[in-house]
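data_13.txt (compact mmCIF, C-alpha atoms) appears below.
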# COMPACT_ATOMS: atom_id res chain seq x y z
CA MET A 21 0.00 0.00 0.00
CA THR A 22 2.69 2.50 0.97
CA THR A 23 4.77 1.31 -1.99
CA LEU A 24 1.81 2.15 -4.22
CA ILE A 25 1.57 5.60 -2.62
CA LEU A 26 5.29 6.13 -3.20
CA ALA A 27 5.03 5.01 -6.83
CA TRP A 28 2.06 7.32 -7.42
CA ALA A 29 3.88 10.25 -5.76
CA ILE A 30 7.05 9.75 -7.80
CA THR A 31 5.12 9.51 -11.09
CA THR A 32 3.14 12.65 -10.24
CA ALA A 33 6.34 14.46 -9.31
CA GLN A 34 7.86 13.50 -12.66
CA ILE A 35 4.80 14.84 -14.50
CA LEU A 36 4.96 18.12 -12.51
CA LEU A 37 8.69 18.48 -13.21
CA GLY A 38 7.98 17.85 -16.89
CA LEU A 39 5.43 20.68 -16.83
CA ALA A 40 8.07 22.88 -15.19
CA MET A 41 10.48 21.95 -18.00
CA LEU A 42 7.81 22.94 -20.53
CA CYS A 43 7.50 26.38 -18.86
CA ALA A 44 11.27 26.84 -19.01
CA MET A 45 11.29 25.65 -22.64
CA TRP A 46 8.64 28.25 -23.53
CA ARG A 47 10.83 30.97 -22.02
CA LEU A 48 13.85 29.55 -23.88
CA LEU A 49 12.06 29.59 -27.25
CA TYR A 50 9.94 32.75 -27.03
CA GLY A 51 11.84 34.87 -24.49
CA PRO A 52 11.74 38.46 -25.66
CA ARG A 53 15.42 39.14 -25.09
CA ALA A 54 18.62 37.13 -24.92
CA GLN A 55 18.91 37.21 -21.13
CA ASP A 56 15.42 35.67 -20.80
CA ARG A 57 16.53 32.78 -23.00
CA VAL A 58 19.63 32.21 -20.86
CA LEU A 59 17.44 32.25 -17.73
CA GLY A 60 15.10 29.69 -19.34
CA LEU A 61 18.10 27.46 -20.12
CA ASP A 62 19.27 27.74 -16.50
CA THR A 63 15.84 26.69 -15.19
CA LEU A 64 15.63 23.91 -17.77
CA TYR A 65 18.84 22.22 -16.65
CA ILE A 66 17.95 22.48 -12.95
CA ASN A 67 14.58 20.83 -13.67
CA ALA A 68 16.26 18.12 -15.77
CA MET A 69 18.67 17.44 -12.91
CA LEU A 70 15.79 17.07 -10.43
CA ILE A 71 13.84 14.76 -12.76
CA LEU A 72 16.93 12.52 -13.01
CA VAL A 73 17.13 12.37 -9.20
CA THR A 74 13.48 11.21 -9.10
CA TYR A 75 14.31 8.52 -11.69
CA GLY A 76 17.10 7.43 -9.35
CA ILE A 77 14.62 7.10 -6.46
CA GLN A 78 12.21 5.18 -8.70
CA THR A 79 14.70 2.61 -9.94
CA GLY A 80 16.80 2.42 -6.77
CA ARG A 81 20.06 2.86 -8.69
CA THR A 82 22.81 5.38 -7.94
CA LEU A 83 23.66 5.68 -11.64
CA TYR A 84 21.28 8.61 -12.13
CA PHE A 85 22.94 10.56 -9.31
CA GLU A 86 26.19 10.82 -11.28
CA SER A 87 24.46 11.97 -14.45
CA SER A 88 22.52 14.64 -12.54
CA LEU A 89 25.78 15.86 -10.96
CA ILE A 90 27.33 16.16 -14.45
CA ILE A 91 24.26 18.06 -15.68
CA GLY A 92 24.61 20.47 -12.74
CA ILE A 93 28.30 21.16 -13.40
CA LEU A 94 27.92 21.60 -17.17
CA GLY A 95 24.78 23.74 -16.75
CA PHE A 96 26.51 26.14 -14.37
CA THR A 97 29.44 26.42 -16.79
CA SER A 98 27.12 27.14 -19.70
CA THR A 99 25.21 29.82 -17.75
CA VAL A 100 28.45 31.57 -16.79
CA ALA A 101 29.79 31.35 -20.35
CA LEU A 102 26.56 32.72 -21.87
CA SER A 103 26.41 35.59 -19.32
CA LYS A 104 30.01 36.43 -20.10
CA PHE A 105 29.15 36.42 -23.78
CA LEU A 106 26.18 38.75 -23.24
CA MET A 107 28.34 41.07 -21.15
CA ARG A 108 31.49 41.32 -23.25
CA GLY A 109 30.74 39.83 -26.66
CA GLU A 110 33.26 37.02 -26.25
CA VAL A 111 33.66 34.19 -23.75
CA ILE A 112 37.43 34.10 -23.14
CA GLU A 113 39.31 37.37 -23.52
CA MET B 29 5.80 3.29 -15.64
CA ILE B 30 4.42 2.72 -12.13
CA ASP B 31 7.34 1.42 -10.10
CA ALA B 32 8.92 2.07 -6.72
CA PRO B 33 11.43 0.45 -4.36
CA GLU B 34 10.17 -1.61 -1.41
CA LEU B 35 10.59 0.62 1.64
CA PRO B 36 9.20 0.52 5.19
CA ALA B 37 6.00 2.49 5.66
CA TRP B 38 7.46 5.58 7.38
CA ALA B 39 10.30 5.88 4.85
CA ALA B 40 7.95 5.45 1.90
CA LEU B 41 5.51 8.09 3.18
CA LEU B 42 8.34 10.53 4.01
CA THR B 43 9.95 10.04 0.59
CA ALA B 44 6.61 10.47 -1.18
CA PHE B 45 5.83 13.67 0.70
CA LEU B 46 9.28 15.19 0.10
CA VAL B 47 9.34 14.30 -3.60
CA LEU B 48 5.85 15.72 -4.17
CA ALA B 49 6.59 18.91 -2.20
CA GLY B 50 9.86 19.49 -4.08
CA ALA B 51 8.21 18.94 -7.46
CA ILE B 52 5.30 21.29 -6.65
CA ILE B 53 7.67 24.03 -5.43
CA THR B 54 9.82 23.66 -8.55
CA LEU B 55 6.71 23.89 -10.73
CA ILE B 56 5.64 27.09 -8.90
CA GLY B 57 9.07 28.59 -9.59
CA SER B 58 8.88 27.71 -13.29
CA ILE B 59 5.34 29.10 -13.59
CA GLY B 60 6.71 32.30 -12.05
CA LEU B 61 9.39 32.33 -14.75
CA LEU B 62 6.59 32.10 -17.31
CA ARG B 63 4.16 34.61 -15.81
CA LEU B 64 6.20 37.51 -14.39
CA LYS B 65 6.44 40.66 -16.47
CA ASP B 66 10.04 41.87 -16.38
CA PHE B 67 13.42 40.19 -16.61
CA TYR B 68 14.46 41.55 -13.21
CA GLN B 69 11.32 40.00 -11.69
CA ARG B 70 11.74 36.77 -13.61
CA VAL B 71 15.28 36.19 -12.37
CA HIS B 72 13.93 35.60 -8.85
CA ALA B 73 11.43 32.87 -9.68
CA PRO B 74 13.60 29.86 -10.68
CA THR B 75 15.68 30.11 -7.51
CA LEU B 76 12.65 28.63 -5.71
CA GLY B 77 13.31 25.39 -7.60
CA ALA B 78 17.06 25.61 -7.11
CA THR B 79 16.86 25.92 -3.32
CA LEU B 80 13.71 24.51 -1.71
CA GLY B 81 12.55 22.23 -4.55
CA ALA B 82 15.98 20.70 -5.05
CA GLY B 83 16.39 20.43 -1.27
CA GLY B 84 13.16 18.44 -0.89
CA ILE B 85 13.93 16.03 -3.71
CA LEU B 86 17.55 15.52 -2.60
CA ILE B 87 16.53 14.86 1.04
CA ALA B 88 13.97 12.35 -0.28
CA SER B 89 16.76 10.66 -2.24
CA ILE B 90 18.97 10.58 0.88
CA VAL B 91 16.16 8.98 2.94
CA CYS B 92 15.34 6.43 0.22
CA PHE B 93 18.90 5.24 -0.42
CA SER B 94 19.85 5.24 3.27
CA VAL B 95 16.92 2.94 4.08
CA LEU B 96 17.50 0.77 1.00
CA GLN B 97 21.19 0.17 1.70
CA THR B 98 20.81 0.24 5.56
CA ARG B 99 23.69 2.69 5.91
CA PRO B 100 23.90 6.49 5.68
CA VAL B 101 24.12 7.45 1.99
CA ILE B 102 24.71 11.19 1.82
CA HIS B 103 26.36 11.74 -1.55
CA GLU B 104 23.33 13.81 -2.64
CA ILE B 105 24.68 16.53 -0.34
CA LEU B 106 27.29 17.07 -3.07
CA ILE B 107 24.57 18.23 -5.49
CA ALA B 108 22.94 20.39 -2.79
CA VAL B 109 26.21 22.14 -1.88
CA PHE B 110 27.09 22.62 -5.53
CA LEU B 111 23.66 24.13 -6.33
CA THR B 112 23.83 26.42 -3.28
CA ILE B 113 27.22 27.73 -4.37
CA THR B 114 26.66 28.04 -8.12
CA THR B 115 23.09 29.37 -8.44
CA PRO B 116 23.76 32.84 -6.89
CA VAL B 117 27.02 33.18 -8.81
CA GLY B 118 25.48 32.35 -12.19
CA LEU B 119 22.34 34.42 -11.72
CA MET B 120 24.32 37.41 -10.41
CA LEU B 121 26.54 37.28 -13.50
CA LEU B 122 23.41 37.07 -15.67
CA GLY B 123 21.81 40.00 -13.85
CA ARG B 124 24.93 42.13 -14.30
CA ALA B 125 25.01 41.26 -17.99
CA ALA B 126 21.31 42.19 -18.38
CA LEU B 127 21.86 45.49 -16.54
CA TYR B 128 24.83 46.29 -18.78
CA ARG B 129 22.80 45.54 -21.89
CA ASP B 130 19.85 47.66 -20.68
CA ARG B 131 22.13 50.61 -19.89
CA TYR B 132 23.84 50.22 -23.26
CA ALA B 133 20.43 50.32 -24.97
CA ALA B 134 19.57 53.42 -22.81
CA ARG B 135 16.31 52.02 -21.49
CA LYS B 136 14.42 54.27 -19.08
CA ASP B 137 13.47 51.69 -16.42
CA VAL B 138 16.98 50.84 -15.19
CA PRO B 139 18.91 52.90 -12.61
CA PRO B 140 21.88 54.88 -13.94
CA GLU B 141 25.42 53.82 -13.18
CA SER B 142 26.62 55.13 -9.81
CA ARG B 143 29.71 57.34 -10.00
CA THR B 144 30.61 57.32 -6.31
CA ALA B 145 33.38 54.73 -6.53
CA SER B 146 35.21 56.46 -9.36
CA THR B 147 34.92 59.98 -7.87
CA HIS B 148 36.38 58.74 -4.59
CA GLU B 149 39.33 57.43 -6.51
CA PHE B 150 40.09 60.75 -8.16
CA ASP B 151 39.50 63.00 -5.11
Target format structure tokens, applied to this file:
Amino acid sequence: MTTLILAWAITTAQILLGLAMLCAMWRLLYGPRAQDRVLGLDTLYINAMLILVTYGIQTGRTLYFESSLIIGILGFTSTVALSKFLMRGEVIE
Amino acid sequence: MIDAPELPAWAALLTAFLVLAGAIITLIGSIGLLRLKDFYQRVHAPTLGATLGAGGILIASIVCFSVLQTRPVIHEILIAVFLTITTPVGLMLLGRAALYRDRYAARKDVPPESRTASTHEFD
């Protein structure tokens, strides 16, 4: 019974996180200015990282933890590089 | 795909509650990103998912794996610490870049650049 509740909660959480990714994707595609698109990308990778953690809980494997850590590191790097590009016009001076 | 690990009742209920709360808070943050009017308002909304939403889901993962493997599994703290450090840094860089672009485009709704630091240097 409680396993069923847990399974239902995890599936619902994945659907909600998918809706959150859709919101971020809308901002990434139709954002009026460039900084809105970068903000949408930032939100999109955080939501993708969280959805991978919920997959890890669902399957009981620690494999998904490592992939979500890699997504976090690469996403932060991409946000910093894109902000630097918006600020100065080039990434590495 | 309805599937879940076999946990004791208290751990299953706690994990379910934390996962659902984290997902709902993250969704609220992303809806804020969609609905707010201005970029400087929008930059606040996703941090809800990066702090409280991520915290709930990561604590749920810690509880689940600690009960499954019957030992403390706390490697999810790595993601939490990393998010706590990097989110303010990245969003502050993005906010500075947006402010620079708005001043360069001479928009009316941004504050002008303060001259106090440079005048103190030349006094």
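If you count all atoms listed in the file and ignore residues fewer than 6 places along the chain from Ala27 in chain A, what sits within 12 Å of it is Met21, Ala33, Gln34, Thr74, Tyr75, Ile77, Gln78 and Thr79 of chain A; Met29, Ile30, Asp31, Ala32, Pro33, Glu34, Leu35, Ala40, Leu41, Thr43, Ala44, Phe45, Val47 and Leu48 of chain B.
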Inset, instruction - Kindly indicate which residue among B:Leu46, B:Leu106, B:Leu122, B:Ile90 lies nearest to chain A, using only C-alpha atoms for the distances. - result: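 Smallest distance to chain A is found for B:Leu122.
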Inset, instruction - Rank A:Tyr84, A:Phe96, A:Tyr65, A:Tyr50 by their smallest atom-to-atom distance to chain B, using only C-alpha atoms, and report the top residue only. - result: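 Residue with the minimum atom-to-atom distance to chain B: A:Phe96.
Of note, CA of Gly77 in chain B and CA of Gly57 in chain B are spaced 5.7 Å apart.
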Legend entry - Contact residues around Ser58 in chain B with all atoms listed in the file at 12 Å, ignoring same-chain residues under 2 positions, as an MDAnalysis selection string: (chainID A and resid 36:48 59:67) or (chainID B and resid 51:56 60:64 70:78 81)
Legend entry - Point-to-point distance from CA of Ala39 in chain B to CA of Ile90 in chain A, Å rounded to tenths: 27.7 Å
Legend entry - Å distance separating CA of Ala49 in chain B from CA of Gly84 in chain B, one decimal place: 6.7 Å
Legend entry - Exercise: Phe85 in chain A partners within 9 Å, only C-alpha atoms, chain neighbours under 4 positions left out, as a VMD selection string: (chain A and resid 69 72 to 73 76 81 89 to 90) or (chain B and resid 103 to 104 107)
Could you dump the residues just selected with C-alpha atoms as an mmCIF file, keeping the file's coordinate frame?
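Output contents, as saved in again.cif:
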data_model
loop_
_atom_site.group_PDB
_atom_site.id
_atom_site.type_symbol
_atom_site.label_atom_id
_atom_site.label_comp_id
_atom_site.auth_asym_id
_atom_site.auth_seq_id
_atom_site.Cartn_x
_atom_site.Cartn_y
_atom_site.Cartn_z
ATOM 1 C CA MET A 69 18.670 17.440 -12.910
ATOM 2 C CA LEU A 72 16.930 12.520 -13.010
ATOM 3 C CA VAL A 73 17.130 12.370 -9.200
ATOM 4 C CA GLY A 76 17.100 7.430 -9.350
ATOM 5 C CA ARG A 81 20.060 2.860 -8.690
ATOM 6 C CA LEU A 89 25.780 15.860 -10.960
ATOM 7 C CA ILE A 90 27.330 16.160 -14.450
ATOM 8 C CA HIS B 103 26.360 11.740 -1.550
ATOM 9 C CA GLU B 104 23.330 13.810 -2.640
ATOM 10 C CA ILE B 107 24.570 18.230 -5.490
#
Legend entry - Using only C-alpha atoms: which of B:Val95, B:Val138, B:Leu86, B:Leu80 has the shortest distance to chain A: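 Using only C-alpha atoms, chain A sits closest to B:Leu86.
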Legend entry - Close residues, Thr114 in chain B itself excluded, 10 Å, only C-alpha atoms, min 5 positions apart in chain, as a list in words: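 Near neighbours after the sequence-gap exclusion: Gly92, Ile93, Gly95, Phe96, Thr97, Thr99 and Val100 of chain A; Ala78, Val109, Leu119 and Met120 of chain B.
Counting all atoms listed in the file, the residue from A:Gly51, A:Ile35, A:Trp28, A:Leu102 that sits nearest to Lys65 in chain B is A:Gly51.
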Inset, instruction - Rank B:Ala37, B:Leu42, B:Ile113, B:Val101 by their smallest atom-to-atom distance to chain A, using all atoms listed in the file, and report the top residue only. - result: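 Among B:Ala37, B:Leu42, B:Ile113, B:Val101, it is B:Ala37 that comes nearest to chain A.
Remark: for chain B, the closest of the candidate residues A:Leu94, A:Leu106, A:Leu49, A:Ala101 is A:Leu106 (distances computed over all atoms listed in the file).
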Legend entry - Selection: 10 Å around Arg129 in chain B, only C-alpha atoms, excl. self and same-chain fewer than 2 positions, as JSON, numbers by chain: {"A": [54, 55, 106, 107, 108], "B": [123, 124, 125, 126, 127, 131, 132, 133, 134, 135]}
